[in-house]
Amino acid sequence: MYNLLKGKRGIIFGALNEHSIAWKVAERAHEEGATFVLTNAPIALRMGELNELAAKTGSQIIGADATSIDDLNNLVEKSMEILGGKIDFVLHSIGMSINVRKGKHYTDSNYDFTTKGWDISAVSFHKVMNVLYNKKAMSEWGSIVALTYMAAQRVFPDYNDMADNKAYLESIARSFGYFFGRDHKVRVNTISQSPTPTTAGSGVKGFDGFIEYAEKMSPLGNATALECADYTITMFSDLTKKVTLQNLFHDGGFSNMGVSDPVMEKFTKE
């Protein structure tokens, strides 16, 4: 390990189980010398698995509904008390589509579901930064990262309204990132990860086939959850102090591909 985060303090949203990217980020942050608070929605905490991660990393858990300003205020205040100072890094790894869970097609959305999913998946990022910004809770040159997916830019039919949520999430990162950088020297970025078999990702229709397609399209293959965690750690470190307002593709090259030889082979008759 490299001690990239030695002495740094953070808040990690969204770790659910060992398949979660946020879980891997927490493990890697601990290995790189950071201390942090783990947080998730109360319903996720009742599953109990986060206790294992907390014990492994010497972390405390604070339950918070990321759509609630009151919960976020409490989370940030208690985190600074527990960690003994301002926050150096934050990971937003939150996403949920009720329309997907309920099997609603994009052309037949339940708009109450749409609004709730939008609030959880995207507006929550604005709320998190709102609280951090107004409380001046971030250290100078701190780093805030949210996880996204390139369905924000391209059509993936079964990704449903999560594509819209990710597009809005990325816009929030740029817009709030400007003010955070200007006023507090804090950087804000999103990481657009390869399709990854997490609990949330696996809920998308045809996900297994989609992972195989991305693997064949990407010259370096799909990035794993652990590899995404490694990349996230670099974004939390002082090595990336001037990187902000970026949507950073971490996908083995998929995002710049038109077609690959292995994919063409499936459609070319000898």
# chains A, B, ... in the order shown; residues from 1 in each chain; ligands from 1
>>> closest_atom_pairs(of="stretch 42-133 of chain A", to="stretch 227-248 of chain A", cutoff="10 Å", atoms="only C-alpha atoms", output="Markdown table")
| residue | atom | partner | partner_atom | distance |
| --- | --- | --- | --- | --- |
| A:Asp88 | CA | A:Phe236 | CA | 7.7 |
| A:Phe89 | CA | A:Phe236 | CA | 5.9 |
| A:Val90 | CA | A:Phe236 | CA | 8.2 |
| A:Leu91 | CA | A:Thr232 | CA | 8.5 |
>>> write_last_selection(atoms="N, CA and C atoms", output="mmCIF file, in the first residue's frame")
data_model
loop_
_atom_site.group_PDB
_atom_site.id
_atom_site.type_symbol
_atom_site.label_atom_id
_atom_site.label_comp_id
_atom_site.auth_asym_id
_atom_site.auth_seq_id
_atom_site.Cartn_x
_atom_site.Cartn_y
_atom_site.Cartn_z
ATOM 1 N N ASP A 88 -12.171 15.236 4.587
ATOM 2 C CA ASP A 88 -11.274 15.319 3.435
ATOM 3 C C ASP A 88 -11.835 14.648 2.183
ATOM 4 N N PHE A 89 -12.697 13.649 2.359
ATOM 5 C CA PHE A 89 -13.244 12.971 1.182
ATOM 6 C C PHE A 89 -14.636 12.429 1.478
ATOM 7 N N VAL A 90 -15.448 12.390 0.424
ATOM 8 C CA VAL A 90 -16.818 11.864 0.513
ATOM 9 C C VAL A 90 -17.088 11.029 -0.731
ATOM 10 N N LEU A 91 -17.643 9.853 -0.531
ATOM 11 C CA LEU A 91 -18.109 9.030 -1.648
ATOM 12 C C LEU A 91 -19.629 8.954 -1.620
#
>>> residues_around(residues="A:Thr57", least_positions_apart="6", cutoff="8 Å", atoms="only C-alpha atoms", output="number ranges by chain")
A: 26-27, 30
>>> write_last_selection(atoms="all heavy atoms", output="compact mmCIF listing (two decimals), in the first residue's frame")
# COMPACT_ATOMS: atom_id res chain seq x y z
N ALA A 26 -14.20 1.52 0.92
CA ALA A 26 -13.94 1.59 2.36
C ALA A 26 -12.75 0.73 2.74
O ALA A 26 -11.87 1.15 3.50
CB ALA A 26 -15.19 1.18 3.13
N GLU A 27 -12.70 -0.48 2.22
CA GLU A 27 -11.56 -1.36 2.52
C GLU A 27 -10.25 -0.75 2.05
O GLU A 27 -9.24 -0.75 2.77
CB GLU A 27 -11.77 -2.72 1.86
CG GLU A 27 -12.89 -3.54 2.48
CD GLU A 27 -13.12 -4.87 1.78
OE1 GLU A 27 -12.89 -4.95 0.55
OE2 GLU A 27 -13.52 -5.83 2.46
N HIS A 30 -9.21 2.35 4.13
CA HIS A 30 -8.62 1.90 5.40
C HIS A 30 -7.18 1.45 5.19
O HIS A 30 -6.29 1.83 5.97
CB HIS A 30 -9.46 0.76 5.96
CG HIS A 30 -8.90 0.13 7.20
ND1 HIS A 30 -8.77 0.81 8.40
CD2 HIS A 30 -8.41 -1.12 7.42
CE1 HIS A 30 -8.24 0.00 9.30
NE2 HIS A 30 -8.01 -1.17 8.73
>>> residues_around(residues="A:Asn99", least_positions_apart="5", cutoff="12 Å", atoms="only C-alpha atoms", output="PyMOL selection string")
chain A and resi 104-118+158-162+203-205
>>> residues_around(residues="stretch 119-134 of chain A", least_positions_apart="4", cutoff="8 Å", atoms="only C-alpha atoms", output="short mmCIF file (atom, residue, chain, number, x, y, z; two decimals) with N, CA and C atoms, in the first residue's frame")
data_model
loop_
_atom_site.label_atom_id
_atom_site.label_comp_id
_atom_site.auth_asym_id
_atom_site.auth_seq_id
_atom_site.Cartn_x
_atom_site.Cartn_y
_atom_site.Cartn_z
N ALA A 66 -30.36 9.85 2.86
CA ALA A 66 -29.64 10.88 2.10
C ALA A 66 -30.57 11.87 1.42
N THR A 67 -31.88 11.62 1.45
CA THR A 67 -32.83 12.59 0.91
C THR A 67 -33.33 13.55 1.98
N SER A 68 -32.89 13.35 3.22
CA SER A 68 -33.34 14.17 4.35
C SER A 68 -32.24 15.14 4.79
N ILE A 69 -32.51 16.42 4.69
CA ILE A 69 -31.54 17.43 5.13
C ILE A 69 -31.26 17.30 6.62
N LEU A 72 -28.89 14.47 7.13
CA LEU A 72 -27.56 14.82 6.63
C LEU A 72 -26.85 15.79 7.55
N ASN A 73 -27.59 16.74 8.10
CA ASN A 73 -26.99 17.65 9.09
C ASN A 73 -26.45 16.87 10.28
N VAL A 76 -23.24 14.82 9.23
CA VAL A 76 -22.02 15.61 9.06
C VAL A 76 -21.50 16.11 10.41
N HIS A 92 -20.26 9.33 -2.73
CA HIS A 92 -21.70 9.17 -2.92
C HIS A 92 -21.90 7.98 -3.85
N ILE A 94 -24.93 5.99 -4.31
CA ILE A 94 -26.36 5.81 -4.01
C ILE A 94 -27.13 5.81 -5.33
N GLY A 95 -27.97 4.82 -5.52
CA GLY A 95 -28.81 4.81 -6.71
C GLY A 95 -29.91 3.78 -6.58
N MET A 96 -31.10 4.17 -7.02
CA MET A 96 -32.23 3.24 -6.93
C MET A 96 -33.35 3.72 -7.85
N SER A 97 -33.88 2.81 -8.65
CA SER A 97 -35.04 3.10 -9.48
C SER A 97 -36.19 2.20 -9.05
N THR A 115 -40.08 10.22 -9.41
CA THR A 115 -39.68 11.31 -8.53
C THR A 115 -38.90 10.80 -7.33
N MET A 138 -15.89 20.66 4.74
CA MET A 138 -14.82 20.03 3.95
C MET A 138 -13.51 20.78 4.15
N ALA A 146 -18.89 11.00 -6.86
CA ALA A 146 -20.14 10.23 -7.00
C ALA A 146 -19.95 9.21 -8.12
N MET A 162 -33.02 5.29 -14.56
CA MET A 162 -31.72 5.50 -13.93
C MET A 162 -30.78 6.28 -14.84
N ASN A 165 -31.51 9.80 -14.12
CA ASN A 165 -30.96 10.14 -12.80
C ASN A 165 -29.46 10.37 -12.87
N LYS A 166 -28.75 9.53 -13.61
CA LYS A 166 -27.30 9.68 -13.71
C LYS A 166 -26.92 10.95 -14.48
N TYR A 168 -28.59 13.73 -14.48
CA TYR A 168 -28.79 14.83 -13.54
C TYR A 168 -27.69 14.84 -12.47
N LEU A 169 -27.31 13.66 -12.01
CA LEU A 169 -26.23 13.54 -11.03
C LEU A 169 -24.96 14.19 -11.56
N ILE A 172 -25.21 17.96 -11.58
CA ILE A 172 -25.05 18.49 -10.23
C ILE A 172 -23.58 18.57 -9.85
N PHE A 176 -22.47 22.25 -8.80
CA PHE A 176 -22.09 22.48 -7.40
C PHE A 176 -20.57 22.48 -7.28
N PHE A 180 -18.09 24.87 -5.05
CA PHE A 180 -17.24 24.26 -4.03
C PHE A 180 -15.76 24.55 -4.31
#
>>> atom_distance(atom1="atom CA of A:Lys136", atom2="atom CA of A:Met80")
11.1 Å
